[in-house]
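So this one's target.cif, mmCIF, C-alpha atoms:
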```
data_structure
loop_
_atom_site.group_PDB
_atom_site.id
_atom_site.type_symbol
_atom_site.label_atom_id
_atom_site.label_comp_id
_atom_site.auth_asym_id
_atom_site.auth_seq_id
_atom_site.Cartn_x
_atom_site.Cartn_y
_atom_site.Cartn_z
ATOM 1 C CA MET M 1 89.679 81.688 64.202
ATOM 2 C CA ASN M 2 87.989 84.712 65.665
ATOM 3 C CA GLN M 3 89.949 86.130 68.589
ATOM 4 C CA LEU M 4 88.617 88.122 71.523
ATOM 5 C CA ARG M 5 90.490 89.961 74.265
ATOM 6 C CA TYR M 6 90.352 88.583 77.772
ATOM 7 C CA VAL M 7 91.054 91.247 80.421
ATOM 8 C CA TYR M 8 92.612 89.983 83.670
ATOM 9 C CA ALA M 9 93.293 93.178 85.537
ATOM 10 C CA VAL M 10 93.808 96.912 85.325
ATOM 11 C CA THR M 11 96.880 98.548 86.828
ATOM 12 C CA ARG M 12 98.749 101.817 86.955
ATOM 13 C CA PRO M 13 101.756 101.947 84.625
ATOM 14 C CA PHE M 14 104.630 100.116 86.321
ATOM 15 C CA ASP M 15 108.326 99.509 85.878
ATOM 16 C CA GLY M 16 109.321 96.017 85.025
ATOM 17 C CA ALA M 17 107.904 93.408 82.741
ATOM 18 C CA LEU M 18 105.717 90.349 83.101
ATOM 19 C CA PRO M 19 107.676 87.134 83.626
ATOM 20 C CA GLU M 20 108.582 85.736 80.216
ATOM 21 C CA ASP M 21 107.244 82.295 80.960
ATOM 22 C CA LEU M 22 103.918 83.577 82.294
ATOM 23 C CA ARG M 23 100.967 81.973 80.543
ATOM 24 C CA GLY M 24 97.329 82.899 80.844
ATOM 25 C CA ILE M 25 94.163 81.310 79.564
ATOM 26 C CA ALA M 26 94.649 78.674 76.858
ATOM 27 C CA GLY M 27 98.412 78.966 77.373
ATOM 28 C CA GLU M 28 98.549 82.411 75.779
ATOM 29 C CA PRO M 29 101.125 84.863 77.126
ATOM 30 C CA PRO M 30 99.431 87.892 78.657
ATOM 31 C CA ARG M 31 100.525 91.334 77.487
ATOM 32 C CA LEU M 32 100.184 94.906 78.627
ATOM 33 C CA LEU M 33 97.910 97.279 76.787
ATOM 34 C CA SER M 34 98.692 100.828 77.897
ATOM 35 C CA HIS M 35 96.133 103.521 77.393
ATOM 36 C CA GLY M 36 96.482 106.930 78.998
ATOM 37 C CA ASP M 37 97.459 106.483 82.630
ATOM 38 C CA LEU M 38 96.087 102.954 82.892
ATOM 39 C CA VAL M 39 97.270 99.534 81.766
ATOM 40 C CA ALA M 40 95.051 96.572 80.939
ATOM 41 C CA VAL M 41 96.552 93.100 81.177
ATOM 42 C CA VAL M 42 95.079 91.075 78.338
ATOM 43 C CA SER M 43 95.498 87.966 76.256
ATOM 44 C CA SER M 44 93.829 86.625 73.149
ATOM 45 C CA VAL M 45 91.137 84.017 73.624
ATOM 46 C CA SER M 46 89.112 82.166 71.065
ATOM 47 C CA ALA M 47 85.567 83.240 70.312
ATOM 48 C CA ASP M 48 84.832 79.499 70.175
ATOM 49 C CA ASP M 49 85.253 79.475 73.956
ATOM 50 C CA PHE M 50 84.493 83.022 75.013
ATOM 51 C CA GLY M 51 81.794 84.074 72.606
ATOM 52 C CA GLU M 52 78.530 84.681 74.387
ATOM 53 C CA ILE M 53 76.860 81.418 73.403
ATOM 54 C CA PRO M 54 79.783 78.963 73.854
ATOM 55 C CA LEU M 55 80.823 80.580 77.115
ATOM 56 C CA ARG M 56 77.560 79.614 78.752
ATOM 57 C CA ALA M 57 78.227 75.986 78.000
ATOM 58 C CA ARG M 58 81.887 76.251 79.010
ATOM 59 C CA LEU M 59 81.022 77.732 82.388
ATOM 60 C CA GLU M 60 79.016 74.644 83.168
ATOM 61 C CA ASP M 61 82.051 72.466 82.596
ATOM 62 C CA LEU M 62 83.816 72.325 85.937
ATOM 63 C CA ASP M 63 87.147 71.234 84.447
ATOM 64 C CA TRP M 64 87.104 74.117 82.006
ATOM 65 C CA LEU M 65 86.045 76.535 84.712
ATOM 66 C CA THR M 66 88.841 75.282 86.966
ATOM 67 C CA GLY M 67 91.492 75.742 84.274
ATOM 68 C CA THR M 68 90.209 79.196 83.400
ATOM 69 C CA ALA M 69 89.986 80.334 87.021
ATOM 70 C CA ARG M 70 93.489 79.079 87.785
ATOM 71 C CA ALA M 71 94.916 80.760 84.702
ATOM 72 C CA HIS M 72 93.212 84.034 85.656
ATOM 73 C CA GLN M 73 94.555 83.780 89.207
ATOM 74 C CA GLY M 74 98.033 82.884 87.910
ATOM 75 C CA VAL M 75 98.243 86.107 85.933
ATOM 76 C CA VAL M 76 96.856 88.230 88.772
ATOM 77 C CA ALA M 77 99.241 86.590 91.260
ATOM 78 C CA ALA M 78 102.211 87.311 88.987
ATOM 79 C CA LEU M 79 101.070 90.935 88.780
ATOM 80 C CA THR M 80 100.894 91.306 92.552
ATOM 81 C CA SER M 81 104.637 90.776 92.795
ATOM 82 C CA ILE M 82 105.208 93.696 90.411
ATOM 83 C CA THR M 83 102.409 96.145 91.114
ATOM 84 C CA CYS M 84 99.022 96.392 92.806
ATOM 85 C CA PRO M 85 96.555 95.039 90.259
ATOM 86 C CA LEU M 86 92.842 95.644 90.218
ATOM 87 C CA PRO M 87 91.498 92.207 89.310
ATOM 88 C CA LEU M 88 88.474 92.036 87.030
ATOM 89 C CA ARG M 89 85.787 89.447 87.409
ATOM 90 C CA LEU M 90 86.264 86.126 85.651
ATOM 91 C CA ALA M 91 85.411 86.181 81.936
ATOM 92 C CA THR M 92 85.582 89.890 81.200
ATOM 93 C CA VAL M 93 85.952 89.880 77.447
ATOM 94 C CA CYS M 94 86.210 92.576 74.779
ATOM 95 C CA ARG M 95 86.041 92.164 71.044
ATOM 96 C CA ASP M 96 89.442 93.657 70.281
ATOM 97 C CA ASP M 97 92.142 96.012 71.550
ATOM 98 C CA SER M 98 90.132 99.109 70.794
ATOM 99 C CA GLY M 99 87.318 97.613 72.873
ATOM 100 C CA VAL M 100 89.755 97.284 75.785
ATOM 101 C CA ARG M 101 90.755 100.930 75.345
ATOM 102 C CA ARG M 102 87.117 101.962 75.432
ATOM 103 C CA LEU M 103 86.659 99.852 78.564
ATOM 104 C CA LEU M 104 89.526 101.779 80.175
ATOM 105 C CA ASP M 105 88.117 105.112 79.028
ATOM 106 C CA THR M 106 84.640 104.385 80.259
ATOM 107 C CA GLY M 107 85.719 103.094 83.648
ATOM 108 C CA ARG M 108 88.703 105.385 84.106
ATOM 109 C CA GLU M 109 87.455 107.411 87.024
ATOM 110 C CA ARG M 110 86.356 104.350 88.893
ATOM 111 C CA PHE M 111 89.528 102.388 88.122
ATOM 112 C CA VAL M 112 91.715 105.225 89.343
ATOM 113 C CA ARG M 113 89.685 105.653 92.503
ATOM 114 C CA THR M 114 89.720 101.922 93.287
ATOM 115 C CA LEU M 115 93.423 101.520 92.486
ATOM 116 C CA GLU M 116 94.129 104.304 94.924
ATOM 117 C CA ARG M 117 91.985 102.709 97.610
ATOM 118 C CA LEU M 118 93.626 99.301 97.176
ATOM 119 C CA ASP M 119 97.207 100.420 96.652
ATOM 120 C CA GLY M 120 99.561 98.441 98.887
ATOM 121 C CA ARG M 121 96.733 96.302 100.296
ATOM 122 C CA VAL M 122 96.276 92.560 100.228
ATOM 123 C CA GLU M 123 93.369 90.346 101.084
ATOM 124 C CA TRP M 124 93.372 87.618 103.747
ATOM 125 C CA GLY M 125 90.701 84.938 103.901
ATOM 126 C CA VAL M 126 89.520 83.618 107.267
ATOM 127 C CA LYS M 127 87.205 80.634 107.547
ATOM 128 C CA VAL M 128 85.746 78.961 110.600
ATOM 129 C CA TYR M 129 84.654 75.324 110.473
ATOM 130 C CA ALA M 130 82.572 73.467 113.008
ATOM 131 C CA GLU M 131 83.417 69.808 113.252
ATOM 132 C CA THR M 132 80.282 68.313 114.705
ATOM 133 C CA PRO M 133 80.119 64.635 115.586
ATOM 134 C CA ALA M 134 78.644 62.697 112.681
ATOM 135 C CA PRO M 135 75.062 61.557 113.279
ATOM 136 C CA GLU M 136 74.792 57.843 113.987
ATOM 137 C CA ALA M 137 73.208 55.578 111.449
ATOM 138 C CA ASP M 138 69.534 54.950 112.016
ATOM 139 C CA THR M 139 69.907 51.361 113.095
ATOM 140 C CA PRO M 140 70.186 51.027 116.854
ATOM 141 C CA ALA M 141 73.781 50.228 117.642
ATOM 142 C CA GLU M 142 74.721 47.101 119.542
ATOM 143 C CA SER M 143 75.857 49.137 122.502
ATOM 144 C CA ALA M 144 72.359 50.527 123.060
ATOM 145 C CA SER M 145 70.870 47.691 125.008
ATOM 146 C CA THR M 146 67.404 49.203 125.238
ATOM 147 C CA GLY M 147 65.366 51.596 123.173
ATOM 148 C CA ARG M 148 65.588 54.090 125.976
ATOM 149 C CA ASP M 149 69.413 53.988 125.966
ATOM 150 C CA TYR M 150 69.356 54.494 122.260
ATOM 151 C CA LEU M 151 67.090 57.542 122.458
ATOM 152 C CA ARG M 152 69.109 58.985 125.284
ATOM 153 C CA ARG M 153 72.289 58.662 123.280
ATOM 154 C CA ARG M 154 70.740 60.243 120.200
ATOM 155 C CA LEU M 155 69.528 63.157 122.266
ATOM 156 C CA SER M 156 72.921 63.751 123.786
ATOM 157 C CA GLU M 157 74.529 63.635 120.357
ATOM 158 C CA ARG M 158 72.070 66.200 119.130
ATOM 159 C CA ARG M 159 72.775 68.480 122.055
ATOM 160 C CA SER M 160 76.462 68.193 121.456
ATOM 161 C CA ARG M 161 75.991 69.126 117.793
ATOM 162 C CA GLU M 162 73.810 72.080 118.727
ATOM 163 C CA GLY M 163 76.369 73.128 121.314
ATOM 164 C CA THR M 164 79.133 73.086 118.736
ATOM 165 C CA TRP M 165 76.951 75.113 116.386
ATOM 166 C CA GLU M 166 76.192 77.759 118.950
ATOM 167 C CA LEU M 167 79.819 77.943 119.897
ATOM 168 C CA ALA M 168 80.919 78.185 116.269
ATOM 169 C CA ASP M 169 78.410 80.946 115.700
ATOM 170 C CA ALA M 170 79.572 82.920 118.725
ATOM 171 C CA VAL M 171 83.249 82.472 117.887
ATOM 172 C CA SER M 172 82.651 83.508 114.274
ATOM 173 C CA ARG M 173 80.819 86.670 115.251
ATOM 174 C CA ARG M 174 83.498 87.681 117.679
ATOM 175 C CA LEU M 175 86.292 86.902 115.252
ATOM 176 C CA HIS M 176 84.622 88.851 112.459
ATOM 177 C CA GLU M 177 83.956 91.813 114.697
ATOM 178 C CA GLU M 178 87.540 91.943 115.941
ATOM 179 C CA LEU M 179 89.132 91.342 112.561
ATOM 180 C CA SER M 180 86.906 93.929 110.879
ATOM 181 C CA ARG M 181 88.111 96.442 113.411
ATOM 182 C CA ARG M 182 91.678 95.425 112.804
ATOM 183 C CA ALA M 183 91.466 95.412 109.001
ATOM 184 C CA GLU M 184 90.666 98.322 106.726
ATOM 185 C CA ALA M 185 87.605 96.493 105.498
ATOM 186 C CA GLY M 186 85.936 93.151 105.941
ATOM 187 C CA MET M 187 83.363 91.302 103.926
ATOM 188 C CA LEU M 188 81.512 88.006 104.137
ATOM 189 C CA HIS M 189 81.365 85.399 101.423
ATOM 190 C CA ARG M 190 78.743 82.713 101.558
ATOM 191 C CA PRO M 191 79.780 79.714 103.626
ATOM 192 C CA GLN M 192 81.225 77.006 101.426
ATOM 193 C CA GLN M 193 79.517 73.713 100.789
ATOM 194 C CA ALA M 194 81.443 70.744 102.111
ATOM 195 C CA GLN M 195 80.714 68.665 99.004
ATOM 196 C CA LEU M 196 82.651 71.085 96.868
ATOM 197 C CA SER M 197 85.351 72.203 99.263
ATOM 198 C CA LYS M 198 85.985 68.646 100.492
ATOM 199 C CA ALA M 199 87.064 70.270 103.744
ATOM 200 C CA PRO M 200 86.123 68.450 106.934
ATOM 201 C CA GLY M 201 83.448 70.065 109.068
ATOM 202 C CA GLN M 202 80.824 72.653 108.258
ATOM 203 C CA ASN M 203 81.966 76.087 107.126
ATOM 204 C CA VAL M 204 80.408 78.695 109.386
ATOM 205 C CA LEU M 205 82.373 81.837 108.588
ATOM 206 C CA ASN M 206 83.868 82.638 105.180
ATOM 207 C CA ALA M 207 85.265 86.150 105.431
ATOM 208 C CA ALA M 208 87.810 88.311 103.635
ATOM 209 C CA TYR M 209 89.773 91.210 105.087
ATOM 210 C CA LEU M 210 91.633 94.044 103.429
ATOM 211 C CA VAL M 211 94.971 94.651 105.104
ATOM 212 C CA PRO M 212 97.960 96.843 104.239
ATOM 213 C CA ARG M 213 100.618 94.427 103.028
ATOM 214 C CA GLU M 214 103.089 95.464 105.716
ATOM 215 C CA ASP M 215 100.514 94.795 108.444
ATOM 216 C CA SER M 216 100.001 91.195 107.342
ATOM 217 C CA THR M 217 102.138 89.615 110.049
ATOM 218 C CA ALA M 218 100.325 91.533 112.764
ATOM 219 C CA PHE M 219 96.994 90.525 111.247
ATOM 220 C CA ILE M 220 97.933 86.831 111.212
ATOM 221 C CA GLU M 221 99.051 87.086 114.822
ATOM 222 C CA CYS M 222 95.758 88.714 115.679
ATOM 223 C CA VAL M 223 93.853 85.786 114.125
ATOM 224 C CA GLU M 224 95.928 83.348 116.125
ATOM 225 C CA GLY M 225 95.545 85.371 119.290
ATOM 226 C CA LEU M 226 91.768 85.243 119.012
ATOM 227 C CA ARG M 227 91.499 81.475 118.933
ATOM 228 C CA PRO M 228 89.640 80.010 121.856
ATOM 229 C CA ASP M 229 90.535 76.573 123.088
ATOM 230 C CA GLN M 230 87.301 74.747 122.402
ATOM 231 C CA PRO M 231 87.548 71.510 120.490
ATOM 232 C CA GLY M 232 85.478 71.022 117.353
ATOM 233 C CA LEU M 233 86.329 74.406 115.864
ATOM 234 C CA ARG M 234 88.923 75.079 113.208
ATOM 235 C CA VAL M 235 90.072 78.401 111.792
ATOM 236 C CA GLU M 236 91.690 78.483 108.387
ATOM 237 C CA LEU M 237 93.640 81.380 106.964
ATOM 238 C CA THR M 238 94.346 81.859 103.234
ATOM 239 C CA GLY M 239 96.336 84.507 101.480
ATOM 240 C CA PRO M 240 97.706 86.911 100.745
ATOM 241 C CA TRP M 241 95.336 87.344 97.828
ATOM 242 C CA ALA M 242 95.109 90.227 95.412
ATOM 243 C CA PRO M 243 92.188 92.257 96.784
ATOM 244 C CA TYR M 244 89.525 90.477 94.709
ATOM 245 C CA SER M 245 86.808 90.777 97.331
ATOM 246 C CA PHE M 246 87.287 94.530 97.620
ATOM 247 C CA ALA M 247 87.724 95.430 93.983
ATOM 248 C CA GLY M 248 84.061 96.143 93.390
ATOM 249 C CA GLU M 249 82.288 99.207 94.582
ATOM 250 C CA GLU M 250 79.628 98.939 97.234
ATOM 251 C CA SER M 251 76.941 98.837 94.606
ATOM 252 C CA ASP M 252 78.408 95.689 93.012
ATOM 253 C CA ARG M 253 78.279 93.570 96.108
ATOM 254 C CA MET L 254 90.599 75.209 118.106
ATOM 255 C CA THR L 255 93.476 75.188 115.693
ATOM 256 C CA VAL L 256 94.572 77.844 113.275
ATOM 257 C CA THR L 257 96.048 76.658 110.042
ATOM 258 C CA ARG L 258 98.857 78.979 109.152
ATOM 259 C CA PRO L 259 98.892 79.882 105.516
ATOM 260 C CA THR L 260 101.702 78.983 103.238
ATOM 261 C CA PRO L 261 102.220 81.531 100.486
ATOM 262 C CA LEU L 262 99.670 81.013 97.748
ATOM 263 C CA ALA L 263 102.327 80.500 95.139
ATOM 264 C CA GLN L 264 103.655 77.483 96.995
ATOM 265 C CA ARG L 265 100.551 75.412 97.246
ATOM 266 C CA GLU L 266 97.475 74.470 95.330
ATOM 267 C CA ILE L 267 94.732 76.975 96.027
ATOM 268 C CA ALA L 268 91.401 75.413 96.865
ATOM 269 C CA LEU L 269 89.085 75.856 93.921
ATOM 270 C CA VAL L 270 86.220 77.064 96.111
ATOM 271 C CA ASP L 271 88.343 79.828 97.609
ATOM 272 C CA LEU L 272 89.278 80.883 94.116
ATOM 273 C CA LEU L 273 85.722 80.831 92.804
ATOM 274 C CA ASP L 274 84.494 82.842 95.789
ATOM 275 C CA ARG L 275 86.797 85.579 94.597
ATOM 276 C CA LEU L 276 86.634 85.228 90.843
ATOM 277 C CA LEU L 277 82.878 84.793 90.526
ATOM 278 C CA ALA L 278 81.772 87.050 93.359
ATOM 279 C CA GLY L 279 84.711 89.471 93.525
ATOM 280 C CA GLY L 280 86.676 91.476 91.012
ATOM 281 C CA VAL L 281 85.594 94.575 89.188
ATOM 282 C CA VAL L 282 82.345 94.187 87.330
ATOM 283 C CA ILE L 283 82.183 96.254 84.200
ATOM 284 C CA THR L 284 78.867 97.764 83.360
ATOM 285 C CA GLY L 285 77.848 100.577 81.119
ATOM 286 C CA ASN L 286 76.700 101.347 77.643
ATOM 287 C CA LEU L 287 79.625 99.730 75.946
ATOM 288 C CA THR L 288 79.229 96.400 77.596
ATOM 289 C CA LEU L 289 76.495 93.885 77.523
ATOM 290 C CA ARG L 290 75.777 91.549 80.345
ATOM 291 C CA ILE L 291 74.178 88.236 79.677
ATOM 292 C CA ALA L 292 70.644 88.778 80.767
ATOM 293 C CA ASP L 293 69.779 85.142 80.793
ATOM 294 C CA VAL L 294 72.262 83.227 82.898
ATOM 295 C CA ASP L 295 69.771 80.870 84.428
ATOM 296 C CA LEU L 296 71.183 77.757 82.851
ATOM 297 C CA VAL L 297 74.661 78.579 83.944
ATOM 298 C CA ARG L 298 73.543 79.546 87.369
ATOM 299 C CA ILE L 299 71.518 76.424 87.980
ATOM 300 C CA ASP L 300 74.274 74.073 87.010
ATOM 301 C CA LEU L 301 76.957 76.026 88.743
ATOM 302 C CA ASN L 302 74.860 76.245 91.845
ATOM 303 C CA ALA L 303 74.512 72.506 91.912
ATOM 304 C CA LEU L 304 78.265 72.214 91.950
ATOM 305 C CA ILE L 305 79.397 75.473 93.397
ATOM 306 C CA SER L 306 76.793 76.724 95.764
ATOM 307 C CA SER L 307 79.297 78.968 97.403
ATOM 308 C CA VAL L 308 79.710 81.448 94.627
ATOM 309 C CA GLY L 309 78.046 84.764 94.077
ATOM 310 C CA SER L 310 74.698 85.507 92.633
ATOM 311 C CA GLY L 311 75.578 85.367 88.992
ATOM 312 C CA VAL L 312 78.226 84.706 86.476
ATOM 313 C CA PRO L 313 78.331 87.882 84.514
ATOM 314 C CA SER L 314 80.311 87.990 81.429
ATOM 315 C CA LEU L 315 80.768 90.957 79.271
ATOM 316 C CA TRP L 316 80.849 91.850 75.682
ATOM 317 C CA GLU L 317 80.729 95.077 73.961
ATOM 318 C CA GLU L 318 77.634 95.695 72.040
ATOM 319 C CA SER L 319 78.017 95.011 68.385
ATOM 320 C CA PRO L 320 78.355 98.230 66.482
#
```
Take the structure in the file and write it out as structure tokens.
Amino acid sequence: MNQLRYVYAVTRPFDGALPEDLRGIAGEPPRLLSHGDLVAVVSSVSADDFGEIPLRARLEDLDWLTGTARAHQGVVAALTSITCPLPLRLATVCRDDSGVRRLLDTGRERFVRTLERLDGRVEWGVKVYAETPAPEADTPAESASTGRDYLRRRLSERRSREGTWELADAVSRRLHEELSRRAEAGMLHRPQQAQLSKAPGQNVLNAAYLVPREDSTAFIECVEGLRPDQPGLRVELTGPWAPYSFAGEESDR
Amino acid sequence: MTVTRPTPLAQREIALVDLLDRLLAGGVVITGNLTLRIADVDLVRIDLNALISSVGSGVPSLWEESP
């Protein structure tokens, strides 16, 4: 079976070893490939999955994508407890070890610069959800005795939804502004679709912030301190993540 | 408004969407002469978008050029 090299992350040389029971994609143990002053964390993957043609089909398979993404994250998460890894984008594949070395050579300057920028930093995710009242079904409810009552109620529901939206928008802007000031960097992901996230409410803000690891507690407190008391809004914090959202250069985003 | 305090990532199941936001839109993207990006990712993108509209603009994947 033809084997390719999957590259999870690039790091500086570090003391210590990967956990022995750590498994990456397809259950393969990841290993360190040192080259010059950089280390690539790699494992063997089958060309039947990661070759150019099969990979397109695999990426459309949500179960496969889920397993692959979780395995990638598992390796990066294990690395974050040992060093500060520079995570690569999902499905970065080379033909063999010498291909990985060439990848390190070619990107060396950029890897070194980015590793320096991200050293000791973690990423926190902050999402704001608006929980608007669900629209009523189109059949007039029993409680609406007249058509006019019905219309009046629909209008008030709509206003309430719009009010929640406006509020969510204002809160999100303020939160993002404040947190961006507080963090070393901030960036916005696209709001998540409820059908995939299965989270209640509508995602309004989906942001990531780069924070020195030791400032994490203060950052979390800052998020909590900024919460207004309006109902219908929910703020969700995730992390600490490896700095995935800040690993690219400006030109990649 | 409530703030959900995070539990360390290692101790709970990470939401797939949060992960895909980072793995498909974040991370270092390798480009250059030695690597080849899939030019035609439309199929992948369409299907992924149907399921995962939250992710980034493409699903690049990289190979070295054949010698």
Find the spatial neighbours of range 82-92 of chain M, counting all atoms listed in the file, within a cut-off of 9 Å - ignore same-chain residues fewer than 5 positions away - and output them as a PyMOL selection string.
(chain M and resi 5-18+50+55+68-69+72-73+76-77+111+114-115+118-122+242-244+247-248) or (chain L and resi 273+275-283+312-316)
When distances are computed from all atoms listed in the file, which of M:Ala130, M:Trp241, M:Gly125, M:Arg174 shows the smallest separation from Ile220 in chain M?
M:Gly125
Taking (86.3, 88.9, 114.3) in the file's coordinates as the center, which residues reach within 12 Å of it, counting all atoms listed in the file, put as an NGL selection string?
:M and (125-128 or 169-183 or 185-188 or 205-209 or 219 or 222-227 or 235)
Evaluate the PyMOL selection byres ((chain M and resi 22) around 10) and report residues as a PyMOL selection string:
chain M and resi 18-21+23-24+27-31+71+74-75+78
Rounded to one decimal, what separation in Å do you get between CA of Ser197 in chain M and CA of Thr238 in chain M?
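Separation of CA of Ser197 in chain M and CA of Thr238 in chain M: 13.8 Å.
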